[in-house]
Amino acid sequence: MPDPTNAAPPPVQLTRWTVTSGSNARSRGAVIVDAGDHHWRASAEGNGAIDALYRAVDKALAEILDGHPRLLAYDIHALGEGTDTIGVVTVRIAPPMAAGERGEGEYGGEARGPNIIAASIEAYIVAINAMLGEAQWHGAPEAAAETGTRARKKEPVAPGVARERRAELDEDAAEIDTNDWFNR
């Protein structure tokens with residue numbers, strides 16, 4: 001049995017995510033994904049909160065993956081009764097359409113939690129890490145960080161600057177007047 005204290009960190013880690021969704025608007029997700037000492041930021045719209053987050057992850061990792069993973073299956077299962085029960089999300093993905101070994105295989109991910117959106121994005125990252133853990137993907141995050149145009153070197157952030165940087169994450173989003181929105 002492998003020693004978990006000696007385990008290598010996963011190829012990519014989801015550092016932060018946010019999503020907005022509503023009945024009269026397209027959902028918008030934003031993510032920050034880290035690989036080693038680099039990170040990628042992306043935002044995307046989707047058909048619901050989970051679709052928007054998956055699209056944002058795909059956009060953030062486009063330089064690493066040379067395309068978007070194909071979602072083959074998505075399943076939610078409640079472990080009990082009631083609204084406060086733990087949910088299990090299972091996803092199955094295939095690599096982006098590509099020639100050779102990088103275009104082959106299926107990879108699964110699973111996550112549990114009371115927040116089904118959080119469990120969904122975590123399960124997707126687990127599946128992507130399973131794919132990136134294969135020999136044919138070895139070094140892809142590092143190579144993308146060195147040659148990519150969207151990768152940023154992680155820098156320490158002063159407490160006062162953190163709030164300003166959060167607003168930078170979603171460059172394409174417009175100002176939202178919630179009072180006006182609810183009066184529609």
# chains A, B, ... in the order shown; residues from 1 in each chain; ligands from 1

call {"tool": "residues_around", "arguments": {"residues": "A:Ala78", "least_positions_apart": "5", "cutoff": "8 Å", "atoms": "only C-alpha atoms", "output": "CSV table (one decimal) with N, CA and C atoms, in the first residue's frame"}}
result
chain,number,residue,atom,x,y,z
A,85,THR,N,-28.3,16.1,3.3
A,85,THR,CA,-27.6,14.9,3.1
A,85,THR,C,-26.4,15.1,2.3
A,86,ILE,N,-25.4,14.2,2.3
A,86,ILE,CA,-24.2,14.2,1.5
A,86,ILE,C,-24.6,13.7,0.1
A,87,GLY,N,-24.1,14.3,-0.9
A,87,GLY,CA,-24.3,13.9,-2.3
A,87,GLY,C,-23.0,13.4,-2.8
A,88,VAL,N,-23.0,12.4,-3.7
A,88,VAL,CA,-21.9,11.8,-4.4
A,88,VAL,C,-22.0,12.2,-5.8

call {"tool": "closest_residue", "arguments": {"among": "A:Gly46, A:Pro69, A:Gly113, A:Pro96", "to": "A:Gly22", "atoms": "only C-alpha atoms"}}
result
A:Gly46

call {"tool": "residues_around", "arguments": {"residues": "A:Thr18", "least_positions_apart": "4", "cutoff": "12 Å", "atoms": "only C-alpha atoms", "output": "PyMOL selection string"}}
result
chain A and resi 14+27-32+41-45+49-50+52-54+56-57+117-118+121+166-167+169-170

call {"tool": "atom_distance", "arguments": {"atom1": "atom CA of A:Met97", "atom2": "atom CA of A:Asn129"}}
result
17.4 Å

call {"tool": "atom_distance", "arguments": {"atom1": "atom CA of A:His39", "atom2": "atom CA of A:Ser21"}}
result
25.0 Å

call {"tool": "atom_distance", "arguments": {"atom1": "atom CA of A:Arg112", "atom2": "atom CA of A:Asp58"}}
result
21.5 Å

call {"tool": "select_by_dssp", "arguments": {"residues": "stretch 26-145 of chain A", "states": "alpha helix (DSSP H)", "output": "VMD selection string"}}
result
chain A and resid 49 to 60 62 to 65 116 to 132 140 to 145

call {"tool": "residues_around", "arguments": {"residues": "A:Val89", "least_positions_apart": "3", "cutoff": "9 Å", "atoms": "only C-alpha atoms", "output": "list in words"}}
result
Tyr74, Asp75, Ile76, His77, Ala78, Gly109, Glu110, Ala111, Arg112, Gly113, Ile116, Ala119, Ser120, Glu122 and Ala123 of chain A

call {"tool": "select_by_dssp", "arguments": {"residues": "stretch 11-107 of chain A", "states": "strand (DSSP E or B)", "output": "ChimeraX atom specification"}}
result
/A:13-22,25-35,38-46,70-78,87-94,107

call {"tool": "closest_residue", "arguments": {"among": "A:Leu79, A:Ala127, A:Ala98, A:Ala135", "to": "A:Gly67", "atoms": "only C-alpha atoms"}}
result
A:Ala98

call {"tool": "closest_residue", "arguments": {"among": "A:Gly133, A:Ala94, A:Ile128, A:Thr83", "to": "A:Asn115", "atoms": "only C-alpha atoms"}}
result
A:Thr83

call {"tool": "closest_residue", "arguments": {"among": "A:Gly108, A:Val19, A:Ala60, A:Asp66", "to": "A:Asn47", "atoms": "only C-alpha atoms"}}
result
A:Val19

call {"tool": "residues_around", "arguments": {"residues": "A:Arg92", "least_positions_apart": "4", "cutoff": "6 Å", "atoms": "only C-alpha atoms", "output": "PyMOL selection string"}}
result
chain A and resi 72-73+107-108
